[in-house]
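A.B. asks: What follows is a structure written as structure tokens; I'll ask about it next.
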Amino acid sequence: MNNQPLFPLQKHSIPVLSVGNILGEETLGITLFRHSVKGRNEFEQPHKHDFYLVFFVEKGSGVHHVDFTQYIVGDYQVYFIRPGQVHNWSLDVDTTGFQLMLSADVITIFPNLGSLPFFEQSVPSCLSLNQIKFEEFKNQLQEIELVLPDNDMLTKEIVLLRLHVMLKLLQKEYLNQFPEHDSSTKPEKMIKRFTVLIDNHFNQESSVNFYADKLNITPNYLNILSQKYLKMPAGDVIKERTILEAKRLLTSTDLSIKEIAYQLGFNDNTYFSKVFKKYTGKTPGDFKQSYNFYHPYP
């Protein structure tokens, strides 16, 4: 473990962890370790990563917050965290399992891995398995663990292929449990493109017309698709993404409410507070006080 602080001093941004912050070591894009050996059971301060994390919980209990959704940790679960998501957890000291950390470069090696449903925005972050299925994934993890330290090119290719197969099998299990997030049909592909565009432009563009134009469809058709697949109008989907970012900034930075409003494209602080309350039931100030995770940076 290195001597650098786990959370770098970034007063005006959410702390971002890299693999080096956590383990004090450089990796080649894939890191796999047993949670009981190198893992931390307490991450009280909300933070985000610059890598993808797949956390296989074999045995354990506690709570895990992912983008302000609370999950009750239990045996045979798999958690998926994408870069940019804010999360923190408090786990039982006897929690066991595997943490698999993947750089963005590794994910982009295989083009079809970029469409993994569990790494998309605003989807369930927890997959529950039975013991038999979990053991199947555990065996694959152990096979990867065994050869991962080898540095020859052929072994690296084998690791990548095994990783590819395992992620696709996870995708199959995920879609069995959450079939509504299958984006294999044309309309669902359109909705996925919509959510990706929102991720890229939400703090500059809030108009449904802007996104419909980018998708080369009419605003009315975009609303129809959004109502069918996302269960809300397109405008609400855009606003909810903005509110999610506001929650992240309110609980994980020392920015003022006015500064957050400006950063998210609101020129009127009063209007920002009104919109925030509409979607959360609380004012920005009340929401911030309701979370006890934030601590001033030293």
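Ordered as shown in the structure tokens, chains take letters A, B, and onward, while each chain numbers its residues from 1 and ligands are numbered from 1 in the order shown.
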Neighbouring residues of His64 in chain A were defined as those with any atom within 7 Å, considering only C-alpha atoms; residues of the same chain fewer than 4 positions away were excluded. Please report them as a list in words.
C.D. replies: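 The neighbour list is Gln70, Tyr71, Ile72, Val73, Asn88, Trp89 and Ser90 of chain A.
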A.B. asks: Quick one: residues within 12 Å of Gln227 in chain A, only C-alpha atoms, excluding same-chain residues fewer than 4 positions away - as a list in words?
C.D. replies: Pro187, Glu188, Ile191, Asn220, Tyr221, Leu222, Asn223, Lys231, Met232, Pro233, Ala234, Gly235, Asp236 and Val237 of chain A
A.B. asks: Using only all heavy atoms, please write the residues we just selected to a file, as a short mmCIF file (atom, residue, chain, number, x, y, z; two decimals), in the first residue's frame.
C.D. replies:
data_model
loop_
_atom_site.label_atom_id
_atom_site.label_comp_id
_atom_site.auth_asym_id
_atom_site.auth_seq_id
_atom_site.Cartn_x
_atom_site.Cartn_y
_atom_site.Cartn_z
N PRO A 187 -35.87 -0.07 -31.69
CA PRO A 187 -36.30 1.01 -30.79
C PRO A 187 -35.47 1.09 -29.52
O PRO A 187 -35.16 2.19 -29.04
CB PRO A 187 -37.76 0.65 -30.49
CG PRO A 187 -38.19 -0.22 -31.61
CD PRO A 187 -36.97 -1.00 -32.00
N GLU A 188 -35.10 -0.07 -28.98
CA GLU A 188 -34.31 -0.06 -27.74
C GLU A 188 -32.89 0.45 -28.00
O GLU A 188 -32.27 1.07 -27.13
CB GLU A 188 -34.32 -1.45 -27.12
CG GLU A 188 -35.67 -1.79 -26.50
CD GLU A 188 -35.86 -3.26 -26.22
OE1 GLU A 188 -35.29 -4.09 -26.96
OE2 GLU A 188 -36.60 -3.59 -25.29
N ILE A 191 -33.21 4.13 -27.87
CA ILE A 191 -33.28 4.61 -26.49
C ILE A 191 -31.90 4.59 -25.85
O ILE A 191 -31.53 5.51 -25.10
CB ILE A 191 -34.28 3.75 -25.69
CG1 ILE A 191 -35.72 4.15 -26.03
CG2 ILE A 191 -34.04 3.88 -24.19
CD1 ILE A 191 -36.08 5.57 -25.61
N ASN A 220 -41.73 14.15 -30.96
CA ASN A 220 -42.91 13.37 -30.58
C ASN A 220 -42.58 11.87 -30.54
O ASN A 220 -42.98 11.17 -29.60
CB ASN A 220 -44.05 13.64 -31.56
CG ASN A 220 -45.32 12.92 -31.15
OD1 ASN A 220 -45.80 13.07 -30.02
ND2 ASN A 220 -45.88 12.13 -32.05
N TYR A 221 -41.85 11.39 -31.55
CA TYR A 221 -41.49 9.96 -31.57
C TYR A 221 -40.53 9.63 -30.43
O TYR A 221 -40.63 8.57 -29.80
CB TYR A 221 -40.88 9.58 -32.91
CG TYR A 221 -40.58 8.10 -33.04
CD1 TYR A 221 -41.56 7.14 -32.78
CD2 TYR A 221 -39.31 7.66 -33.41
CE1 TYR A 221 -41.29 5.79 -32.89
CE2 TYR A 221 -39.02 6.31 -33.52
CZ TYR A 221 -40.02 5.37 -33.26
OH TYR A 221 -39.75 4.02 -33.36
N LEU A 222 -39.61 10.54 -30.13
CA LEU A 222 -38.70 10.31 -29.00
C LEU A 222 -39.49 10.21 -27.70
O LEU A 222 -39.19 9.35 -26.85
CB LEU A 222 -37.68 11.45 -28.91
CG LEU A 222 -36.69 11.38 -27.75
CD1 LEU A 222 -35.94 10.05 -27.73
CD2 LEU A 222 -35.70 12.54 -27.81
N ASN A 223 -40.50 11.04 -27.54
CA ASN A 223 -41.34 10.96 -26.34
C ASN A 223 -42.10 9.64 -26.27
O ASN A 223 -42.25 9.05 -25.20
CB ASN A 223 -42.33 12.13 -26.31
CG ASN A 223 -41.80 13.31 -25.53
OD1 ASN A 223 -41.26 13.17 -24.44
ND2 ASN A 223 -41.92 14.49 -26.11
N LYS A 231 -40.49 4.68 -19.25
CA LYS A 231 -41.66 4.91 -18.38
C LYS A 231 -41.80 6.36 -17.95
O LYS A 231 -42.38 6.65 -16.91
CB LYS A 231 -41.61 4.00 -17.14
CG LYS A 231 -41.35 2.53 -17.44
CD LYS A 231 -42.35 1.95 -18.42
CE LYS A 231 -42.06 0.47 -18.70
NZ LYS A 231 -42.92 -0.07 -19.78
N MET A 232 -41.28 7.29 -18.75
CA MET A 232 -41.45 8.72 -18.45
C MET A 232 -41.16 9.52 -19.72
O MET A 232 -40.47 9.03 -20.62
CB MET A 232 -40.55 9.17 -17.31
CG MET A 232 -39.07 9.13 -17.61
SD MET A 232 -38.06 9.67 -16.19
CE MET A 232 -38.23 8.24 -15.12
N PRO A 233 -41.67 10.76 -19.80
CA PRO A 233 -41.39 11.60 -20.97
C PRO A 233 -39.89 11.87 -21.12
O PRO A 233 -39.13 11.85 -20.14
CB PRO A 233 -42.15 12.89 -20.66
CG PRO A 233 -43.19 12.51 -19.67
CD PRO A 233 -42.58 11.41 -18.84
N ALA A 234 -39.48 12.14 -22.34
CA ALA A 234 -38.06 12.39 -22.62
C ALA A 234 -37.52 13.55 -21.79
O ALA A 234 -36.39 13.51 -21.30
CB ALA A 234 -37.87 12.64 -24.11
N GLY A 235 -38.33 14.60 -21.63
CA GLY A 235 -37.87 15.75 -20.85
C GLY A 235 -37.57 15.39 -19.41
O GLY A 235 -36.60 15.90 -18.82
N ASP A 236 -38.36 14.49 -18.84
CA ASP A 236 -38.12 14.06 -17.46
C ASP A 236 -36.85 13.22 -17.37
O ASP A 236 -36.13 13.27 -16.36
CB ASP A 236 -39.32 13.26 -16.94
CG ASP A 236 -40.49 14.16 -16.56
OD1 ASP A 236 -40.28 15.39 -16.48
OD2 ASP A 236 -41.59 13.63 -16.34
N VAL A 237 -36.57 12.41 -18.39
CA VAL A 237 -35.35 11.60 -18.40
C VAL A 237 -34.13 12.52 -18.36
O VAL A 237 -33.17 12.28 -17.62
CB VAL A 237 -35.30 10.68 -19.64
CG1 VAL A 237 -33.99 9.90 -19.68
CG2 VAL A 237 -36.47 9.72 -19.63
#
A.B. asks: Determine, counting only C-alpha atoms, which protein, DNA and RNA residues have an atom within 7 Å of an atom of range 127-135 of chain A; residues of the same chain fewer than 5 positions away are not included. Present the result as a PyMOL selection string.
C.D. replies: chain A and resi 76-79+174
A.B. asks: Return the single residue from A:Gln85, A:Gln99, A:Gln289, A:Ser115 that is closest to Glu58 in chain A, with distances computed using only C-alpha atoms.
C.D. replies: A:Gln99
A.B. asks: Which parts of range 15-130 of chain A does DSSP call alpha helix (DSSP H) when run on the backbone here, written out as a ChimeraX atom specification?
C.D. replies: /A:19-23,35-38,104-109
A.B. asks: Write out as JSON lines the residues of range 132-216 of chain A that have any atom within 12 Å of an atom of range 42-54 of chain A, one row each with the nearest atom pair and its distance in Å to one decimal, counting only C-alpha atoms, sorted by chain and then rising number.
C.D. replies:
{"residue": "A:Phe137", "atom": "CA", "partner": "A:Val54", "partner_atom": "CA", "distance": 11.8}
{"residue": "A:Leu141", "atom": "CA", "partner": "A:Val54", "partner_atom": "CA", "distance": 11.3}
{"residue": "A:Leu163", "atom": "CA", "partner": "A:Val54", "partner_atom": "CA", "distance": 11.6}
{"residue": "A:Met166", "atom": "CA", "partner": "A:Val54", "partner_atom": "CA", "distance": 11.3}
{"residue": "A:Leu167", "atom": "CA", "partner": "A:Val54", "partner_atom": "CA", "distance": 9.7}
{"residue": "A:Leu170", "atom": "CA", "partner": "A:Val54", "partner_atom": "CA", "distance": 10.3}
A.B. asks: Have a look at A:Thr195, A:Thr242, A:Gln171, A:Ser206 and name the one nearest to Leu225 in chain A; count only C-alpha atoms.
C.D. replies: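 Once distances to Leu225 in chain A are computed over only C-alpha atoms, the minimum belongs to A:Thr195.
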A.B. asks: Taking into account only C-alpha atoms, which residue in the set A:Val147, A:Glu173, A:Glu180, A:Asp94 is nearest to Val123 in chain A?
C.D. replies: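 The shortest atom-to-atom distance to Val123 in chain A comes from A:Glu180.
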A.B. asks: By how many Å are CA of Pro124 in chain A and CA of Leu91 in chain A apart?
C.D. replies: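 Interatomic distance here is 19.3 Å.
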A.B. asks: For a quick check of understanding, using only C-alpha atoms, which of A:Ile257, A:Ile109, A:Ile243, A:Val165 has the smallest distance to Asn203 in chain A?
C.D. replies: A:Ile243
